[in-house]
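Colleague: If it helps, the file is called start.pdb and holds PDB, C-alpha atoms, pLDDT in the B column:
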ATOM      1  CA  MET A   1     -20.240  -6.305  -8.202  1.00 92.00           C
ATOM      2  CA  GLU A   2     -16.670  -6.026  -9.459  1.00 95.00           C
ATOM      3  CA  LYS A   3     -14.045  -8.132  -7.709  1.00 98.00           C
ATOM      4  CA  VAL A   4     -10.780  -6.193  -7.313  1.00 98.00           C
ATOM      5  CA  THR A   5      -7.335  -7.227  -6.096  1.00 98.00           C
ATOM      6  CA  PHE A   6      -5.508  -4.400  -4.319  1.00 98.00           C
ATOM      7  CA  TYR A   7      -1.690  -4.639  -4.197  1.00 98.00           C
ATOM      8  CA  PHE A   8      -0.009  -2.847  -1.296  1.00 98.00           C
ATOM      9  CA  ASP A   9       3.184  -2.189   0.611  1.00 97.00           C
ATOM     10  CA  PRO A  10       2.312  -0.958   4.123  1.00 97.00           C
ATOM     11  CA  ARG A  11       5.091   1.630   4.163  1.00 95.00           C
ATOM     12  CA  CYS A  12       3.510   3.768   1.397  1.00 95.00           C
ATOM     13  CA  PRO A  13       1.086   6.457   2.656  1.00 95.00           C
ATOM     14  CA  TRP A  14      -0.366   7.058  -0.827  1.00 96.00           C
ATOM     15  CA  CYS A  15      -1.176   3.370  -1.095  1.00 97.00           C
ATOM     16  CA  TYR A  16      -2.840   3.379   2.309  1.00 98.00           C
ATOM     17  CA  GLN A  17      -4.953   6.403   1.383  1.00 98.00           C
ATOM     18  CA  ALA A  18      -6.100   4.593  -1.773  1.00 98.00           C
ATOM     19  CA  SER A  19      -6.957   1.555   0.343  1.00 98.00           C
ATOM     20  CA  ARG A  20      -9.287   3.704   2.441  1.00 98.00           C
ATOM     21  CA  TRP A  21     -11.065   4.762  -0.754  1.00 98.00           C
ATOM     22  CA  ALA A  22     -11.267   1.122  -1.891  1.00 98.00           C
ATOM     23  CA  ARG A  23     -12.674  -0.008   1.459  1.00 98.00           C
ATOM     24  CA  ARG A  24     -15.329   2.677   1.230  1.00 98.00           C
ATOM     25  CA  LEU A  25     -16.295   1.432  -2.224  1.00 98.00           C
ATOM     26  CA  GLU A  26     -16.626  -2.056  -0.784  1.00 98.00           C
ATOM     27  CA  ALA A  27     -18.848  -0.753   2.026  1.00 98.00           C
ATOM     28  CA  LEU A  28     -21.018   0.962  -0.600  1.00 98.00           C
ATOM     29  CA  GLY A  29     -21.428  -2.324  -2.474  1.00 98.00           C
ATOM     30  CA  GLU A  30     -19.451  -1.217  -5.532  1.00 98.00           C
ATOM     31  CA  ILE A  31     -16.602  -3.736  -5.318  1.00 98.00           C
ATOM     32  CA  GLU A  32     -15.381  -6.801  -3.447  1.00 98.00           C
ATOM     33  CA  LEU A  33     -11.761  -6.612  -2.331  1.00 98.00           C
ATOM     34  CA  ASP A  34      -8.941  -9.095  -2.242  1.00 98.00           C
ATOM     35  CA  TRP A  35      -5.448  -8.115  -1.113  1.00 98.00           C
ATOM     36  CA  ALA A  36      -2.012  -8.920  -2.517  1.00 98.00           C
ATOM     37  CA  LEU A  37       1.586  -8.034  -1.646  1.00 98.00           C
ATOM     38  CA  TYR A  38       4.236  -5.888  -3.313  1.00 98.00           C
ATOM     39  CA  CYS A  39       7.554  -4.584  -1.985  1.00 97.00           C
ATOM     40  CA  LEU A  40       8.730  -1.150  -3.071  1.00 96.00           C
ATOM     41  CA  GLU A  41      12.320  -1.871  -2.084  1.00 96.00           C
ATOM     42  CA  VAL A  42      12.324  -4.917  -4.334  1.00 97.00           C
ATOM     43  CA  ALA A  43      10.943  -2.736  -7.131  1.00 96.00           C
ATOM     44  CA  ASN A  44      13.859  -0.319  -6.694  1.00 94.00           C
ATOM     45  CA  LEU A  45      16.612  -2.939  -6.696  1.00 96.00           C
ATOM     46  CA  ALA A  46      19.292  -2.599  -9.339  1.00 95.00           C
ATOM     47  CA  GLU A  47      18.695  -4.844 -12.312  1.00 93.00           C
ATOM     48  CA  GLY A  48      19.958  -8.332 -11.599  1.00 95.00           C
ATOM     49  CA  ALA A  49      20.236  -7.797  -7.844  1.00 97.00           C
ATOM     50  CA  ASP A  50      19.037 -10.615  -5.602  1.00 98.00           C
ATOM     51  CA  PRO A  51      15.806  -9.695  -3.755  1.00 98.00           C
ATOM     52  CA  VAL A  52      16.021 -12.557  -1.256  1.00 98.00           C
ATOM     53  CA  PRO A  53      18.233 -10.721   1.306  1.00 98.00           C
ATOM     54  CA  LEU A  54      15.609  -7.961   1.507  1.00 98.00           C
ATOM     55  CA  GLY A  55      13.469 -10.430   3.419  1.00 98.00           C
ATOM     56  CA  GLU A  56      15.677  -9.554   6.390  1.00 97.00           C
ATOM     57  CA  THR A  57      16.395  -5.882   5.709  1.00 96.00           C
ATOM     58  CA  ALA A  58      13.516  -4.209   3.854  1.00 96.00           C
ATOM     59  CA  ARG A  59      11.624  -1.827   6.111  1.00 95.00           C
ATOM     60  CA  SER A  60       8.283  -3.434   5.364  1.00 97.00           C
ATOM     61  CA  ALA A  61       9.626  -7.017   5.240  1.00 98.00           C
ATOM     62  CA  THR A  62       8.296  -8.087   8.636  1.00 98.00           C
ATOM     63  CA  ALA A  63       4.839  -6.697   7.861  1.00 98.00           C
ATOM     64  CA  LEU A  64       4.764  -8.273   4.402  1.00 98.00           C
ATOM     65  CA  ARG A  65       5.943 -11.634   5.735  1.00 98.00           C
ATOM     66  CA  ALA A  66       3.301 -11.542   8.459  1.00 98.00           C
ATOM     67  CA  ALA A  67       0.699 -10.782   5.792  1.00 98.00           C
ATOM     68  CA  ALA A  68       1.923 -13.736   3.719  1.00 98.00           C
ATOM     69  CA  ALA A  69       1.599 -16.030   6.741  1.00 98.00           C
ATOM     70  CA  ILE A  70      -1.927 -14.744   7.380  1.00 98.00           C
ATOM     71  CA  GLY A  71      -2.850 -15.386   3.766  1.00 98.00           C
ATOM     72  CA  ARG A  72      -1.591 -18.943   4.047  1.00 98.00           C
ATOM     73  CA  LYS A  73      -3.470 -19.566   7.275  1.00 97.00           C
ATOM     74  CA  GLU A  74      -6.745 -18.043   6.141  1.00 97.00           C
ATOM     75  CA  ASN A  75      -7.178 -15.960   2.962  1.00 96.00           C
ATOM     76  CA  SER A  76      -6.625 -12.536   1.452  1.00 96.00           C
ATOM     77  CA  LYS A  77      -9.600 -11.085   3.320  1.00 97.00           C
ATOM     78  CA  ALA A  78      -7.650 -11.731   6.518  1.00 98.00           C
ATOM     79  CA  ILE A  79      -4.680  -9.918   4.976  1.00 98.00           C
ATOM     80  CA  GLY A  80      -6.997  -6.947   4.519  1.00 98.00           C
ATOM     81  CA  ARG A  81      -7.928  -7.006   8.215  1.00 98.00           C
ATOM     82  CA  PHE A  82      -4.247  -7.041   9.117  1.00 98.00           C
ATOM     83  CA  TYR A  83      -3.441  -4.158   6.745  1.00 98.00           C
ATOM     84  CA  GLN A  84      -6.232  -2.084   8.285  1.00 98.00           C
ATOM     85  CA  ALA A  85      -5.053  -2.814  11.824  1.00 98.00           C
ATOM     86  CA  LEU A  86      -1.490  -1.873  10.922  1.00 98.00           C
ATOM     87  CA  GLY A  87      -2.644   1.261   9.111  1.00 98.00           C
ATOM     88  CA  ASN A  88      -4.458   2.374  12.250  1.00 98.00           C
ATOM     89  CA  ARG A  89      -1.157   2.184  14.140  1.00 98.00           C
ATOM     90  CA  VAL A  90       0.998   3.727  11.426  1.00 97.00           C
ATOM     91  CA  TRP A  91      -1.062   6.232   9.401  1.00 97.00           C
ATOM     92  CA  GLU A  92      -4.305   7.034  11.217  1.00 97.00           C
ATOM     93  CA  THR A  93      -2.733   8.367  14.400  1.00 96.00           C
ATOM     94  CA  SER A  94      -0.674  11.442  15.167  1.00 95.00           C
ATOM     95  CA  GLU A  95       1.507   9.207  17.354  1.00 96.00           C
ATOM     96  CA  PRO A  96       2.712   6.476  14.950  1.00 96.00           C
ATOM     97  CA  ALA A  97       3.979   3.266  16.477  1.00 96.00           C
ATOM     98  CA  LYS A  98       7.604   3.609  17.556  1.00 95.00           C
ATOM     99  CA  ASP A  99       8.339  -0.108  17.490  1.00 96.00           C
ATOM    100  CA  ARG A 100       7.602  -1.351  13.981  1.00 96.00           C
ATOM    101  CA  ASP A 101       7.684  -5.059  14.765  1.00 97.00           C
ATOM    102  CA  LEU A 102       5.543  -4.632  17.865  1.00 97.00           C
ATOM    103  CA  ALA A 103       2.979  -2.803  15.739  1.00 98.00           C
ATOM    104  CA  VAL A 104       3.022  -5.666  13.249  1.00 98.00           C
ATOM    105  CA  ALA A 105       2.621  -8.286  15.991  1.00 98.00           C
ATOM    106  CA  GLU A 106      -0.269  -6.367  17.572  1.00 98.00           C
ATOM    107  CA  SER A 107      -1.915  -6.054  14.158  1.00 98.00           C
ATOM    108  CA  VAL A 108      -1.617  -9.806  13.596  1.00 98.00           C
ATOM    109  CA  GLU A 109      -3.463 -10.293  16.864  1.00 98.00           C
ATOM    110  CA  GLU A 110      -6.111  -7.706  16.030  1.00 98.00           C
ATOM    111  CA  ALA A 111      -6.706  -9.442  12.697  1.00 98.00           C
ATOM    112  CA  GLY A 112      -7.761 -12.529  14.643  1.00 98.00           C
ATOM    113  CA  PHE A 113      -4.606 -14.601  14.974  1.00 98.00           C
ATOM    114  CA  ASP A 114      -2.290 -15.574  17.788  1.00 98.00           C
ATOM    115  CA  ARG A 115       0.620 -13.178  18.065  1.00 97.00           C
ATOM    116  CA  SER A 116       2.965 -16.150  17.704  1.00 98.00           C
ATOM    117  CA  LEU A 117       2.088 -16.217  13.998  1.00 98.00           C
ATOM    118  CA  PHE A 118       4.314 -13.170  13.589  1.00 98.00           C
ATOM    119  CA  THR A 119       7.314 -15.001  15.065  1.00 98.00           C
ATOM    120  CA  GLU A 120       6.561 -18.046  12.945  1.00 98.00           C
ATOM    121  CA  ALA A 121       6.365 -15.898   9.805  1.00 98.00           C
ATOM    122  CA  LEU A 122       9.836 -14.477  10.385  1.00 98.00           C
ATOM    123  CA  ALA A 123      11.283 -17.911  11.125  1.00 98.00           C
ATOM    124  CA  ASP A 124       9.955 -19.359   7.870  1.00 98.00           C
ATOM    125  CA  PRO A 125      11.923 -18.281   4.745  1.00 98.00           C
ATOM    126  CA  ALA A 126       8.949 -19.317   2.608  1.00 98.00           C
ATOM    127  CA  THR A 127       6.947 -16.286   3.745  1.00 98.00           C
ATOM    128  CA  TRP A 128       9.359 -13.938   1.974  1.00 98.00           C
ATOM    129  CA  LEU A 129       9.278 -16.154  -1.100  1.00 98.00           C
ATOM    130  CA  ASP A 130       5.492 -15.805  -1.060  1.00 98.00           C
ATOM    131  CA  VAL A 131       5.884 -12.023  -1.028  1.00 98.00           C
ATOM    132  CA  LEU A 132       8.311 -12.184  -3.954  1.00 98.00           C
ATOM    133  CA  ASP A 133       5.987 -14.481  -5.901  1.00 98.00           C
ATOM    134  CA  GLN A 134       3.083 -12.041  -5.555  1.00 98.00           C
ATOM    135  CA  HIS A 135       5.317  -9.095  -6.393  1.00 98.00           C
ATOM    136  CA  ARG A 136       6.712 -10.800  -9.505  1.00 98.00           C
ATOM    137  CA  HIS A 137       3.260 -11.868 -10.643  1.00 98.00           C
ATOM    138  CA  LEU A 138       2.086  -8.267 -10.699  1.00 98.00           C
ATOM    139  CA  VAL A 139       5.222  -7.114 -12.524  1.00 97.00           C
ATOM    140  CA  THR A 140       5.594  -9.895 -15.078  1.00 97.00           C
ATOM    141  CA  GLU A 141       1.986 -10.909 -15.686  1.00 97.00           C
ATOM    142  CA  LYS A 142       0.210  -7.571 -15.265  1.00 96.00           C
ATOM    143  CA  GLY A 143       2.892  -5.003 -16.079  1.00 94.00           C
ATOM    144  CA  GLY A 144       2.748  -3.539 -12.582  1.00 93.00           C
ATOM    145  CA  ILE A 145       4.819  -0.383 -12.178  1.00 90.00           C
ATOM    146  CA  GLY A 146       4.216   0.699  -8.575  1.00 93.00           C
ATOM    147  CA  LEU A 147       1.582   1.321  -5.944  1.00 96.00           C
ATOM    148  CA  PRO A 148      -1.278   1.525  -5.484  1.00 97.00           C
ATOM    149  CA  THR A 149      -2.271  -0.963  -8.196  1.00 98.00           C
ATOM    150  CA  LEU A 150      -5.711  -2.441  -8.743  1.00 98.00           C
ATOM    151  CA  VAL A 151      -6.309  -5.587 -10.795  1.00 98.00           C
ATOM    152  CA  LEU A 152      -9.829  -6.168 -12.018  1.00 98.00           C
ATOM    153  CA  ASP A 153     -11.742  -9.424 -12.391  1.00 97.00           C
ATOM    154  CA  GLY A 154     -10.426 -10.790  -9.115  1.00 96.00           C
ATOM    155  CA  GLY A 155      -6.832 -10.459 -10.243  1.00 97.00           C
ATOM    156  CA  ALA A 156      -7.361 -12.016 -13.671  1.00 96.00           C
ATOM    157  CA  GLY A 157      -8.224  -8.829 -15.546  1.00 97.00           C
ATOM    158  CA  PRO A 158      -6.428  -5.625 -16.480  1.00 97.00           C
ATOM    159  CA  ALA A 159      -4.286  -3.765 -13.942  1.00 97.00           C
ATOM    160  CA  ILE A 160      -4.073  -0.035 -13.430  1.00 96.00           C
ATOM    161  CA  PHE A 161      -1.753   2.089 -11.294  1.00 96.00           C
ATOM    162  CA  GLY A 162      -3.657   4.370  -8.943  1.00 96.00           C
ATOM    163  CA  PRO A 163      -5.569   6.231  -7.867  1.00 97.00           C
ATOM    164  CA  VAL A 164      -3.115   8.487  -6.023  1.00 96.00           C
ATOM    165  CA  LEU A 165      -5.294  10.508  -3.646  1.00 97.00           C
ATOM    166  CA  SER A 166      -4.327  13.097  -1.058  1.00 96.00           C
ATOM    167  CA  GLN A 167      -7.783  13.351   0.536  1.00 96.00           C
ATOM    168  CA  LEU A 168     -10.369  10.648   1.120  1.00 98.00           C
ATOM    169  CA  PRO A 169     -13.209  11.630  -1.248  1.00 98.00           C
ATOM    170  CA  ASP A 170     -16.849  11.737  -0.252  1.00 98.00           C
ATOM    171  CA  ASP A 171     -19.034   8.835  -1.322  1.00 98.00           C
ATOM    172  CA  GLU A 172     -20.280  10.438  -4.533  1.00 98.00           C
ATOM    173  CA  ASP A 173     -16.780  11.309  -5.723  1.00 98.00           C
ATOM    174  CA  ALA A 174     -15.419   7.948  -4.569  1.00 98.00           C
ATOM    175  CA  VAL A 175     -17.864   6.139  -6.843  1.00 98.00           C
ATOM    176  CA  LYS A 176     -17.206   8.499  -9.754  1.00 98.00           C
ATOM    177  CA  ILE A 177     -13.455   7.930  -9.450  1.00 98.00           C
ATOM    178  CA  TRP A 178     -14.048   4.184  -9.503  1.00 98.00           C
ATOM    179  CA  GLN A 179     -16.348   4.343 -12.521  1.00 98.00           C
ATOM    180  CA  HIS A 180     -13.856   6.384 -14.542  1.00 97.00           C
ATOM    181  CA  LEU A 181     -10.865   4.321 -13.435  1.00 97.00           C
ATOM    182  CA  ARG A 182     -12.620   1.045 -14.261  1.00 97.00           C
ATOM    183  CA  TRP A 183     -13.513   2.317 -17.730  1.00 97.00           C
ATOM    184  CA  LEU A 184      -9.943   3.448 -18.416  1.00 97.00           C
ATOM    185  CA  ALA A 185      -8.528   0.152 -17.165  1.00 96.00           C
ATOM    186  CA  ARG A 186     -10.656  -1.716 -19.687  1.00 97.00           C
ATOM    187  CA  TYR A 187      -9.996   0.664 -22.595  1.00 97.00           C
ATOM    188  CA  ASP A 188      -7.109  -0.963 -24.437  1.00 95.00           C
ATOM    189  CA  ASN A 189      -6.092   2.267 -26.191  1.00 97.00           C
ATOM    190  CA  PHE A 190      -5.349   4.052 -22.887  1.00 96.00           C
ATOM    191  CA  PHE A 191      -1.918   3.861 -21.230  1.00 94.00           C
ATOM    192  CA  GLU A 192      -1.052   6.820 -19.035  1.00 92.00           C
ATOM    193  CA  LEU A 193      -2.380  10.046 -17.542  1.00 91.00           C
ATOM    194  CA  LYS A 194      -0.497  11.952 -14.862  1.00 90.00           C
ATOM    195  CA  ARG A 195      -0.080  15.363 -13.268  1.00 90.00           C
ATOM    196  CA  HIS A 196       2.039  16.863 -10.487  1.00 88.00           C
ATOM    197  CA  ARG A 197       0.864  16.291  -6.947  1.00 87.00           C
ATOM    198  CA  THR A 198       0.174  19.542  -5.126  1.00 89.00           C
ATOM    199  CA  GLU A 199      -0.919  18.125  -1.761  1.00 90.00           C
ATOM    200  CA  GLN A 200       0.402  15.622   0.727  1.00 90.00           C
ATOM    201  CA  PRO A 201      -1.505  12.559   1.947  1.00 93.00           C
ATOM    202  CA  ASN A 202      -4.048  13.737   4.494  1.00 95.00           C
ATOM    203  CA  LEU A 203      -3.083  11.192   7.128  1.00 96.00           C
ATOM    204  CA  PRO A 204      -2.175  12.048  10.741  1.00 96.00           C
ATOM    205  CA  GLY A 205       0.696   9.569  10.739  1.00 95.00           C
ATOM    206  CA  TRP A 206       2.227  11.316   7.756  1.00 93.00           C
ATOM    207  CA  ARG A 207       2.308  14.791   9.255  1.00 91.00           C
ATOM    208  CA  VAL A 208       4.973  14.040  11.819  1.00 91.00           C
ATOM    209  CA  GLN A 209       8.704  14.460  11.934  1.00 88.00           C
ATOM    210  CA  PRO A 210      10.321  11.930   9.570  1.00 86.00           C
ATOM    211  CA  SER A 211      12.209  10.441  12.507  1.00 87.00           C
ATOM    212  CA  LYS A 212       8.823   9.493  14.042  1.00 92.00           C
ATOM    213  CA  LEU A 213       7.526   7.615  10.986  1.00 92.00           C
ATOM    214  CA  THR A 214       7.022   3.950  11.814  1.00 94.00           C
ATOM    215  CA  PHE A 215       8.654   2.778   8.602  1.00 92.00           C
ATOM    216  CA  GLY A 216      11.302   5.523   8.602  1.00 82.00           C
ATOM    217  CA  SER A 217      12.173   8.163   5.982  1.00 65.00           C
ATOM    218  CA  ARG A 218       9.880  10.411   3.971  1.00 62.00           C
ATOM    219  CA  PRO A 219      10.513   9.504   0.333  1.00 51.00           C
ATOM    220  CA  TRP A 220       7.118  10.583  -1.069  1.00 46.00           C
ATOM    221  CA  LEU A 221       7.118  14.355  -0.621  1.00 49.00           C
ATOM    222  CA  PRO A 222       5.187  15.977  -3.486  1.00 44.00           C
ATOM    223  CA  PRO A 223       6.966  18.486  -5.752  1.00 43.00           C
ATOM    224  CA  VAL A 224       4.814  21.364  -4.435  1.00 40.00           C
ATOM    225  CA  PRO A 225       3.630  20.795  -0.841  1.00 45.00           C
ATOM    226  CA  ASP A 226       0.266  22.357  -0.040  1.00 44.00           C
ATOM    227  CA  ARG A 227       1.703  23.641   3.234  1.00 48.00           C
ATOM    228  CA  PRO A 228       5.046  23.380   5.018  1.00 49.00           C
ATOM    229  CA  ALA A 229       5.686  19.791   6.099  1.00 49.00           C
ATOM    230  CA  PRO A 230       7.729  18.834   9.139  1.00 51.00           C
ATOM    231  CA  SER A 231      11.178  17.697   8.185  1.00 53.00           C
ATOM    232  CA  ASP A 232      14.444  16.528   9.670  1.00 50.00           C
ATOM    233  CA  GLU A 233      17.766  17.823   8.419  1.00 48.00           C
ATOM    234  CA  SER A 234      18.357  14.376   6.960  1.00 42.00           C
ATOM    235  CA  ALA A 235      15.028  14.190   5.099  1.00 41.00           C
ATOM    236  CA  PRO A 236      15.475  12.738   1.580  1.00 42.00           C
ATOM    237  CA  ALA A 237      14.709  14.500  -1.668  1.00 43.00           C
ATOM    238  CA  PRO A 238      11.214  14.184  -3.198  1.00 44.00           C
ATOM    239  CA  ALA A 239      10.377  11.030  -5.144  1.00 49.00           C
ATOM    240  CA  PRO A 240       7.289   9.810  -7.030  1.00 49.00           C
ATOM    241  CA  ALA A 241       4.377   8.218  -5.244  1.00 54.00           C
ATOM    242  CA  GLY A 242       4.761   4.504  -4.938  1.00 59.00           C
ATOM    243  CA  SER A 243       8.538   4.569  -5.084  1.00 53.00           C
ATOM    244  CA  VAL A 244      11.280   4.341  -2.466  1.00 46.00           C
ATOM    245  CA  THR A 245      14.349   6.451  -1.871  1.00 38.00           C
ATOM    246  CA  PRO A 246      16.856   4.105  -0.242  1.00 34.00           C
ATOM    247  CA  LEU A 247      18.591   5.410   2.870  1.00 30.00           C
TER     248      LEU A 247
END
Give the structure from this file in structure tokens form.

Modeller:
Amino acid sequence: MEKVTFYFDPRCPWCYQASRWARRLEALGEIELDWALYCLEVANLAEGADPVPLGETARSATALRAAAAIGRKENSKAIGRFYQALGNRVWETSEPAKDRDLAVAESVEEAGFDRSLFTEALADPATWLDVLDQHRHLVTEKGGIGLPTLVLDGGAGPAIFGPVLSQLPDDEDAVKIWQHLRWLARYDNFFELKRHRTEQPNLPGWRVQPSKLTFGSRPWLPPVPDRPAPSDESAPAPAPAGSVTPL
């Protein structure tokens, strides 16, 4: 069984959809998952800009810092439980959580920890430094370019960006995607393959007015939506999956 480290930022719907695929692979006995942290707003900082202040202002900062505290207290498997609980509140409901920090605190509790861990995480500057350390490791050691990113061999092997999926595939296709992706990740002569997205993430929490999104904004609209998507007058222009349009 292949051990895979899955890097995520909870505000990205494409990343969450890929995590559902990865969890299904784990349930089928194809892989064993570990979880690691990445911040899209840090990735989009101007060169030379200090990422430390984003620990207070980034839209996913409280969730990422809570995840870092959970990882310290237990392990990355517990981070995965937290990510799933938060995803249920943010992406797998047609009524996404209105209070982001409350959703994070409730998810901490659902993952098996006292809700006070959330408050402790925000009071401890080291939790954001943990997030930055994991983010930098992916970028500097593995050439990470965005999300979702999988790193093989339990985080020690090659990394690959993707897969970017609009629909959750059935089990047969899920395994085929994994087999092809794993082969490409290990083929040193392969670097990039991409095409335009023609569908949106098939997640209830995505198909809402942008003002109702738990993490705010809608920066991942595909170039050619498969059907009209709800939008506010202030909705931002389309941007690539796994990237952030600052507001």

Colleague: Could you give me, as a Markdown table, a per-residue list for region 91-135 of chain A showing, wherever an atom lies at most 8 Å from an atom of region 189-210 of chain A, the closest pair of atoms and their distance in Å to one decimal, using all atoms listed in the file and sorting by chain then residue number from low to high?

Modeller:
| residue | atom | partner | partner_atom | distance |
| --- | --- | --- | --- | --- |
| A:Trp91 | CA | A:Gly205 | CA | 4.0 |
| A:Glu92 | CA | A:Pro204 | CA | 5.5 |
| A:Thr93 | CA | A:Gly205 | CA | 5.2 |
| A:Ser94 | CA | A:Pro204 | CA | 4.7 |
| A:Glu95 | CA | A:Gly205 | CA | 6.7 |
| A:Pro96 | CA | A:Gly205 | CA | 5.6 |

Colleague: Filtering to C-alpha atoms, could you give me those residues as a CSV table (one decimal), in the coordinates of the input?

Modeller:
chain,number,residue,atom,x,y,z
A,91,TRP,CA,-1.1,6.2,9.4
A,92,GLU,CA,-4.3,7.0,11.2
A,93,THR,CA,-2.7,8.4,14.4
A,94,SER,CA,-0.7,11.4,15.2
A,95,GLU,CA,1.5,9.2,17.4
A,96,PRO,CA,2.7,6.5,15.0

Colleague: Can you give me, as JSON, numbers by chain, the residues this file yields under the PyMOL selection byres ((chain A and resi 127-142) around 8)?

Modeller: {"A": [36, 37, 38, 39, 51, 52, 55, 61, 64, 65, 66, 68, 69, 121, 122, 124, 125, 126, 143, 144, 145, 158, 159]}

Colleague: Suppose you want the space between CA of Thr214 (chain A) and CA of Ile160 (chain A); what is it in Å?

Modeller: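 A separation of 27.9 Å between them.
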
Colleague: Which residues, written as a list in words, have at least one atom at most 10 Å from Ile70 (chain A), with only C-alpha atoms counted and residues fewer than 6 positions away on the same chain left out?

Modeller: Leu64, Ser76, Lys77, Ala78, Ile79, Gly80, Arg81, Phe82, Val108, Ala111, Gly112, Phe113, Leu117, Phe118, Ala121 and Thr127 of chain A

Colleague: For Glu32 (chain A), which residue among A:Asp9, A:Asp114, A:Leu45, A:Gly155 is the nearest when counting only C-alpha atoms?

Modeller: A:Gly155

Colleague: Counting all atoms listed in the file, figure out which residue out of A:Pro163, A:Ala43, A:Thr119, A:Pro10 gets nearest to Gln179 (chain A).

Modeller: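 Nearest to Gln179 (chain A): A:Pro163.
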
Colleague: Determine the residue membership of the PyMOL selection byres ((chain A and resi 1) around 8) for the file above and supply it as an MDAnalysis selection string.

Modeller: chainID A and resid 2:3 29:32

Colleague: Name the closest residue to Leu213 (chain A) among the candidates A:Leu168, A:Ala58, A:Ala63, A:Val90; distances are taken between atoms, counting only C-alpha atoms.

Modeller: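 Between A:Leu168, A:Ala58, A:Ala63, A:Val90, the residue approaching Leu213 (chain A) most closely is A:Val90.
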
Colleague: Report as an NGL selection string the residues that result from applying the PyMOL selection byres ((chain A and resi 28) around 12) to the structure here.

Modeller: :A and (1 or 21-27 or 29-32 or 170-172 or 174-175 or 178)

Colleague: State, in Å with one decimal place, the distance from CA of Glu110 (chain A) to CA of Leu147 (chain A).

Modeller: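 Computing the Euclidean distance for CA of Glu110 (chain A) and CA of Leu147 (chain A) yields 25.0 Å.
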
Colleague: Reconstruct N, CA and C atoms of region 171-185 of chain A from the incomplete input and present them as a PDB file, in the coordinates of the input.

Modeller:
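Below is the file result-v3.pdb, written as the result:
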ATOM      1  N   ASP A 171     -18.525  10.037  -0.673  1.00 98.00           N
ATOM      2  CA  ASP A 171     -19.034   8.835  -1.322  1.00 98.00           C
ATOM      3  C   ASP A 171     -19.332   9.056  -2.803  1.00 98.00           C
ATOM      4  N   GLU A 172     -19.929  10.173  -3.131  1.00 98.00           N
ATOM      5  CA  GLU A 172     -20.280  10.438  -4.533  1.00 98.00           C
ATOM      6  C   GLU A 172     -19.031  10.484  -5.401  1.00 98.00           C
ATOM      7  N   ASP A 173     -18.014  11.217  -4.947  1.00 98.00           N
ATOM      8  CA  ASP A 173     -16.780  11.309  -5.723  1.00 98.00           C
ATOM      9  C   ASP A 173     -16.030   9.978  -5.738  1.00 98.00           C
ATOM     10  N   ALA A 174     -16.089   9.248  -4.628  1.00 98.00           N
ATOM     11  CA  ALA A 174     -15.419   7.948  -4.569  1.00 98.00           C
ATOM     12  C   ALA A 174     -15.953   7.024  -5.653  1.00 98.00           C
ATOM     13  N   VAL A 175     -17.254   7.003  -5.820  1.00 98.00           N
ATOM     14  CA  VAL A 175     -17.864   6.139  -6.843  1.00 98.00           C
ATOM     15  C   VAL A 175     -17.527   6.639  -8.236  1.00 98.00           C
ATOM     16  N   LYS A 176     -17.541   7.953  -8.432  1.00 98.00           N
ATOM     17  CA  LYS A 176     -17.206   8.499  -9.754  1.00 98.00           C
ATOM     18  C   LYS A 176     -15.768   8.151 -10.135  1.00 98.00           C
ATOM     19  N   ILE A 177     -14.851   8.286  -9.180  1.00 98.00           N
ATOM     20  CA  ILE A 177     -13.455   7.930  -9.450  1.00 98.00           C
ATOM     21  C   ILE A 177     -13.375   6.474  -9.885  1.00 98.00           C
ATOM     22  N   TRP A 178     -14.061   5.604  -9.173  1.00 98.00           N
ATOM     23  CA  TRP A 178     -14.048   4.184  -9.503  1.00 98.00           C
ATOM     24  C   TRP A 178     -14.616   3.932 -10.898  1.00 98.00           C
ATOM     25  N   GLN A 179     -15.728   4.560 -11.221  1.00 98.00           N
ATOM     26  CA  GLN A 179     -16.348   4.343 -12.521  1.00 98.00           C
ATOM     27  C   GLN A 179     -15.422   4.764 -13.655  1.00 98.00           C
ATOM     28  N   HIS A 180     -14.771   5.912 -13.503  1.00 97.00           N
ATOM     29  CA  HIS A 180     -13.856   6.384 -14.542  1.00 97.00           C
ATOM     30  C   HIS A 180     -12.622   5.493 -14.626  1.00 97.00           C
ATOM     31  N   LEU A 181     -12.073   5.152 -13.461  1.00 97.00           N
ATOM     32  CA  LEU A 181     -10.865   4.321 -13.435  1.00 97.00           C
ATOM     33  C   LEU A 181     -11.136   2.956 -14.048  1.00 97.00           C
ATOM     34  N   ARG A 182     -12.265   2.357 -13.713  1.00 97.00           N
ATOM     35  CA  ARG A 182     -12.620   1.045 -14.261  1.00 97.00           C
ATOM     36  C   ARG A 182     -12.748   1.109 -15.772  1.00 97.00           C
ATOM     37  N   TRP A 183     -13.362   2.172 -16.280  1.00 97.00           N
ATOM     38  CA  TRP A 183     -13.513   2.317 -17.730  1.00 97.00           C
ATOM     39  C   TRP A 183     -12.149   2.433 -18.400  1.00 97.00           C
ATOM     40  N   LEU A 184     -11.271   3.277 -17.833  1.00 97.00           N
ATOM     41  CA  LEU A 184      -9.943   3.448 -18.416  1.00 97.00           C
ATOM     42  C   LEU A 184      -9.149   2.152 -18.387  1.00 97.00           C
ATOM     43  N   ALA A 185      -9.267   1.406 -17.287  1.00 96.00           N
ATOM     44  CA  ALA A 185      -8.528   0.152 -17.165  1.00 96.00           C
ATOM     45  C   ALA A 185      -8.924  -0.837 -18.252  1.00 96.00           C
TER      46      ALA A 185
END
